[in-house]
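See below for input_18.pdb, which holds PDB, C-alpha atoms.
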```
ATOM      1  CA  THR A   1     117.116 157.043  71.018
ATOM      2  CA  VAL A   2     116.658 155.160  74.265
ATOM      3  CA  ALA A   3     116.566 158.497  76.125
ATOM      4  CA  GLU A   4     113.798 159.825  73.862
ATOM      5  CA  LEU A   5     111.802 156.615  74.200
ATOM      6  CA  ARG A   6     112.259 156.684  77.983
ATOM      7  CA  ARG A   7     110.896 160.234  78.059
ATOM      8  CA  HIS A   8     107.987 159.234  75.799
ATOM      9  CA  VAL A   9     107.095 156.252  77.982
ATOM     10  CA  LEU A  10     107.248 158.207  81.237
ATOM     11  CA  VAL A  11     105.327 161.262  80.047
ATOM     12  CA  TRP A  12     102.553 159.239  78.442
ATOM     13  CA  LEU A  13     102.310 156.952  81.486
ATOM     14  CA  GLN A  14     101.573 160.029  83.582
ATOM     15  CA  PHE A  15      99.118 161.311  80.985
ATOM     16  CA  PHE A  16      97.231 157.990  80.796
ATOM     17  CA  ALA A  17      97.183 157.716  84.598
ATOM     18  CA  ALA A  18      95.810 161.247  84.957
ATOM     19  CA  ALA A  19      93.166 160.705  82.274
ATOM     20  CA  LEU A  20      91.994 157.403  83.731
ATOM     21  CA  ALA A  21      92.010 158.733  87.308
ATOM     22  CA  ASP A  22      90.003 161.813  86.223
ATOM     23  CA  PRO A  23      87.806 160.535  83.369
ATOM     24  CA  ASP A  24      85.709 163.716  83.273
ATOM     25  CA  GLY A  25      88.813 165.821  82.596
ATOM     26  CA  ARG A  26      88.279 168.261  85.466
ATOM     27  CA  ALA A  27      91.920 168.519  86.586
ATOM     28  CA  ASP A  28      94.769 170.047  84.614
ATOM     29  CA  ARG A  29      96.952 167.571  82.764
ATOM     30  CA  LEU A  30     100.541 167.782  81.697
ATOM     31  CA  ASP A  31     101.211 168.497  78.051
ATOM     32  CA  PRO A  32     103.123 165.511  76.619
ATOM     33  CA  ASP A  33     104.732 167.739  73.984
ATOM     34  CA  THR A  34     106.267 170.201  76.423
ATOM     35  CA  TRP A  35     106.893 168.171  79.586
ATOM     36  CA  ASP A  36     110.554 168.147  80.567
ATOM     37  CA  LEU A  37     112.004 165.050  82.131
ATOM     38  CA  ASP A  38     114.915 165.629  84.431
ATOM     39  CA  PRO A  39     117.442 163.048  83.201
ATOM     40  CA  THR A  40     118.406 162.348  86.818
ATOM     41  CA  ASP A  41     114.831 161.346  87.735
ATOM     42  CA  ARG A  42     114.543 157.682  88.533
ATOM     43  CA  ALA A  43     111.788 156.042  86.518
ATOM     44  CA  ARG A  44     110.468 154.443  89.706
ATOM     45  CA  SER A  45     109.570 157.889  91.114
ATOM     46  CA  ILE A  46     107.260 158.378  88.130
ATOM     47  CA  VAL A  47     106.043 154.816  87.554
ATOM     48  CA  GLU A  48     104.964 153.966  91.104
ATOM     49  CA  PRO A  49     102.563 156.931  91.609
ATOM     50  CA  ALA A  50     101.171 156.450  88.092
ATOM     51  CA  ALA A  51     100.605 152.748  88.816
ATOM     52  CA  ASP A  52      98.707 153.686  91.990
ATOM     53  CA  TYR A  53      96.465 156.089  90.021
ATOM     54  CA  LEU A  54      95.830 153.422  87.382
ATOM     55  CA  ALA A  55      95.014 150.736  89.950
ATOM     56  CA  ARG A  56      92.553 153.014  91.741
ATOM     57  CA  ALA A  57      90.918 154.046  88.455
ATOM     58  CA  VAL A  58      90.488 150.446  87.363
ATOM     59  CA  GLY A  59      89.118 149.591  90.804
ATOM     60  CA  HIS A  60      86.564 152.395  90.429
ATOM     61  CA  GLY A  61      85.317 151.016  87.098
ATOM     62  CA  VAL A  62      86.964 153.394  84.629
ATOM     63  CA  ALA A  63      86.915 150.652  81.990
ATOM     64  CA  ASN A  64      83.128 151.090  81.850
ATOM     65  CA  ARG A  65      83.161 154.887  81.490
ATOM     66  CA  LEU A  66      84.001 157.446  78.883
ATOM     67  CA  VAL A  67      87.400 159.050  79.446
ATOM     68  CA  THR A  68      88.407 162.535  78.342
ATOM     69  CA  MET A  69      91.861 162.233  76.846
ATOM     70  CA  SER A  70      92.562 165.742  75.517
ATOM     71  CA  GLN A  71      89.457 167.116  73.883
ATOM     72  CA  ALA A  72      88.214 163.725  72.668
ATOM     73  CA  ARG A  73      86.353 161.220  74.800
ATOM     74  CA  MET A  74      87.027 157.510  74.428
ATOM     75  CA  ALA A  75      85.667 154.354  75.986
ATOM     76  CA  GLY A  76      87.689 153.594  79.113
ATOM     77  CA  ASP A  77      88.405 150.020  78.081
ATOM     78  CA  TRP A  78      89.920 151.329  74.831
ATOM     79  CA  VAL A  79      92.077 153.840  76.708
ATOM     80  CA  LEU A  80      93.326 150.995  78.885
ATOM     81  CA  ALA A  81      93.977 148.818  75.819
ATOM     82  CA  MET A  82      95.842 151.682  74.133
ATOM     83  CA  ALA A  83      98.002 152.210  77.219
ATOM     84  CA  LEU A  84      98.677 148.489  77.586
ATOM     85  CA  GLY A  85      99.702 148.250  73.953
ATOM     86  CA  ALA A  86     102.027 151.210  74.286
ATOM     87  CA  TYR A  87     103.736 149.762  77.335
ATOM     88  CA  LEU A  88     103.995 146.223  76.045
ATOM     89  CA  ILE A  89     105.468 147.439  72.753
ATOM     90  CA  HIS A  90     107.710 150.137  74.206
ATOM     91  CA  GLY A  91     108.713 147.918  77.124
ATOM     92  CA  TRP A  92     109.935 145.421  74.545
ATOM     93  CA  ASP A  93     111.634 148.239  72.576
ATOM     94  CA  LEU A  94     113.546 149.425  75.638
ATOM     95  CA  ALA A  95     114.396 145.939  76.866
ATOM     96  CA  VAL A  96     115.832 144.643  73.614
ATOM     97  CA  ALA A  97     117.634 147.924  72.868
ATOM     98  CA  THR A  98     119.378 147.735  76.243
ATOM     99  CA  GLY A  99     120.029 143.979  76.252
ATOM    100  CA  GLN A 100     117.426 143.034  78.843
ATOM    101  CA  ALA A 101     114.981 140.147  78.814
ATOM    102  CA  TRP A 102     111.385 140.758  77.773
ATOM    103  CA  PRO A 103     108.835 140.004  78.993
ATOM    104  CA  PRO A 104     110.105 140.400  82.530
ATOM    105  CA  ALA A 105     107.722 137.674  83.744
ATOM    106  CA  THR A 106     106.502 134.534  82.053
ATOM    107  CA  ASP A 107     102.804 135.121  82.766
ATOM    108  CA  GLY A 108     100.479 137.786  81.445
ATOM    109  CA  PRO A 109     101.807 139.380  78.254
ATOM    110  CA  ASP A 110      99.581 137.340  75.933
ATOM    111  CA  GLU A 111      96.417 138.161  77.902
ATOM    112  CA  THR A 112      97.055 141.894  77.878
ATOM    113  CA  ALA A 113      98.431 141.766  74.342
ATOM    114  CA  ALA A 114      95.091 140.419  73.079
ATOM    115  CA  ALA A 115      93.214 143.535  74.246
ATOM    116  CA  ALA A 116      95.926 145.827  72.906
ATOM    117  CA  LEU A 117      96.058 144.034  69.553
ATOM    118  CA  ALA A 118      92.269 144.202  69.153
ATOM    119  CA  PHE A 119      92.350 147.943  69.858
ATOM    120  CA  LEU A 120      95.188 148.600  67.418
ATOM    121  CA  GLU A 121      93.667 146.467  64.667
ATOM    122  CA  ALA A 122      90.448 148.470  64.988
ATOM    123  CA  THR A 123      92.084 151.903  65.068
ATOM    124  CA  VAL A 124      95.390 151.998  63.188
ATOM    125  CA  ALA A 125      94.723 153.396  59.731
ATOM    126  CA  PRO A 126      97.261 153.044  56.901
ATOM    127  CA  GLU A 127      98.208 156.723  57.181
ATOM    128  CA  TYR A 128      99.552 156.041  60.676
ATOM    129  CA  ARG A 129     102.176 153.665  59.285
ATOM    130  CA  GLY A 130     105.587 154.249  57.809
ATOM    131  CA  PRO A 131     108.613 156.372  58.596
ATOM    132  CA  ASP A 132     106.831 159.691  58.052
ATOM    133  CA  SER A 133     103.801 159.072  60.282
ATOM    134  CA  GLY A 134     105.611 158.910  63.610
ATOM    135  CA  PHE A 135     103.262 156.231  64.950
ATOM    136  CA  PHE A 136     103.825 152.729  63.570
ATOM    137  CA  GLY A 137     106.142 150.978  61.190
ATOM    138  CA  HIS A 138     104.763 148.863  58.398
ATOM    139  CA  GLU A 139     103.179 145.670  59.686
ATOM    140  CA  VAL A 140     105.477 142.644  59.739
ATOM    141  CA  THR A 141     104.058 139.250  58.817
ATOM    142  CA  ALA A 142     103.828 137.162  61.980
ATOM    143  CA  PRO A 143     104.797 133.497  61.805
ATOM    144  CA  ALA A 144     101.898 131.046  62.116
ATOM    145  CA  GLU A 145     103.158 129.903  65.527
ATOM    146  CA  ALA A 146     103.529 133.472  66.896
ATOM    147  CA  THR A 147     102.169 134.223  70.333
ATOM    148  CA  THR A 148      99.620 137.002  70.726
ATOM    149  CA  PHE A 149     102.382 139.214  72.116
ATOM    150  CA  GLU A 150     104.562 138.519  69.062
ATOM    151  CA  ARG A 151     101.589 139.281  66.786
ATOM    152  CA  LEU A 152     101.172 142.609  68.622
ATOM    153  CA  LEU A 153     104.836 143.411  68.001
ATOM    154  CA  CYS A 154     104.480 142.480  64.314
ATOM    155  CA  PHE A 155     101.357 144.615  63.961
ATOM    156  CA  ALA A 156     103.311 147.544  65.409
ATOM    157  CA  GLY A 157     106.070 147.007  62.842
ATOM    158  CA  ARG A 158     108.573 145.201  65.058
ATOM    159  CA  GLN A 159     110.521 142.030  64.324
ATOM    160  CA  PRO A 160     110.090 139.892  67.476
ATOM    161  CA  ASP A 161     113.483 138.233  66.976
ATOM    162  CA  TRP A 162     115.353 141.544  66.507
ATOM    163  CA  THR A 163     118.468 142.156  68.547
ATOM    164  CA  PRO A 164     120.640 145.278  68.549
ATOM    165  CA  PRO A 165     123.713 145.215  66.337
ATOM    166  CA  THR A 166     126.900 144.351  68.167
TER     167      THR A 166
END
```
What would the structure in this file look like if it were written as structure tokens?
Amino acid sequence: TVAELRRHVLVWLQFFAAALADPDGRADRLDPDTWDLDPTDRARSIVEPAADYLARAVGHGVANRLVTMSQARMAGDWVLAMALGAYLIHGWDLAVATGQAWPPATDGPDETAAAALAFLEATVAPEYRGPDSGFFGHEVTAPAEATTFERLLCFAGRQPDWTPPT
């Protein structure tokens, strides 16, 4: 549902921000599986502080460091690419499901989509696809003229021209 996806997006945004702001994993982190979102919370009250953490982390060179996610450590640029992919894809999911335009701006999605697509192509194994995996749908064939952003959506199992039923 939109409410479940909203919760997913907000909890993982905080998790990514905390991991990138504290790449050595010294501070406690919220548990994405048990975090409760108050349905009256405005997304802005969660997104703005997380964006500040992310901006500071990027400014301090986290892309060139190893980042402790949970127990595993990953290259910072891959963590950033994973987060970008999640928010480009789920931003599109939420926008089209609620009848809003996506992308919200005309510049940028293809540049960030390229990093996210490269990460996903290198890491998404077949067992992460399909209705039982919980991660990605089956890849959709992208048209030859597809933008990088549309290719990212297709790789994640979305139909870029999908609209909600009326």
Neighbours of Pro32 in chain A within 6 Å (only C-alpha atoms; same-chain residues fewer than 2 positions away dropped), as JSON, numbers by chain? {"A": [11, 34, 35]}
Around all the atoms of range 71-75 of chain A listed in the file, draw an axis-aligned box and extend it by 3 Å on each of the six sides; I want its centre and edge lengths in Å to one decimal, as AutoDock Vina command-line options.
```
--center_x 87.6 --center_y 160.7 --center_z 74.3 --size_x 9.8 --size_y 18.8 --size_z 9.3
```
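Here CA of Pro160 in chain A and CA of Arg44 in chain A stand 26.6 Å from one another.
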Computed interatomic separation between CA of Ala17 in chain A and CA of Glu127 in chain A (Å): 27.5 Å
Under the rule that all atoms listed in the file are counted, which of A:Thr98, A:Thr163, A:Ser133, A:Gln71 is the nearest residue to Ala3 in chain A? A:Thr98
Tell me, as a PyMOL selection string, which residues lie within 12 Å of Thr141 in chain A, counting all atoms listed in the file; anything in the same chain fewer than 5 positions away does not count. chain A and resi 146+150-160
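Of the residues under consideration (A:Trp12, A:Asp24, A:His138, A:Gly99), A:Trp12 shows the shortest atom-to-atom contact distance to Leu84 in chain A when counting all atoms listed in the file.
Take the candidates A:Ala18, A:Ala57, A:Leu80, A:Val47 and check each one against Leu30 in chain A using all atoms listed in the file; the shortest distance goes to A:Ala18.
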Please, what distance in Å, to one decimal, runs between CA of Gly76 in chain A and CA of Ala95 in chain A? 27.9 Å
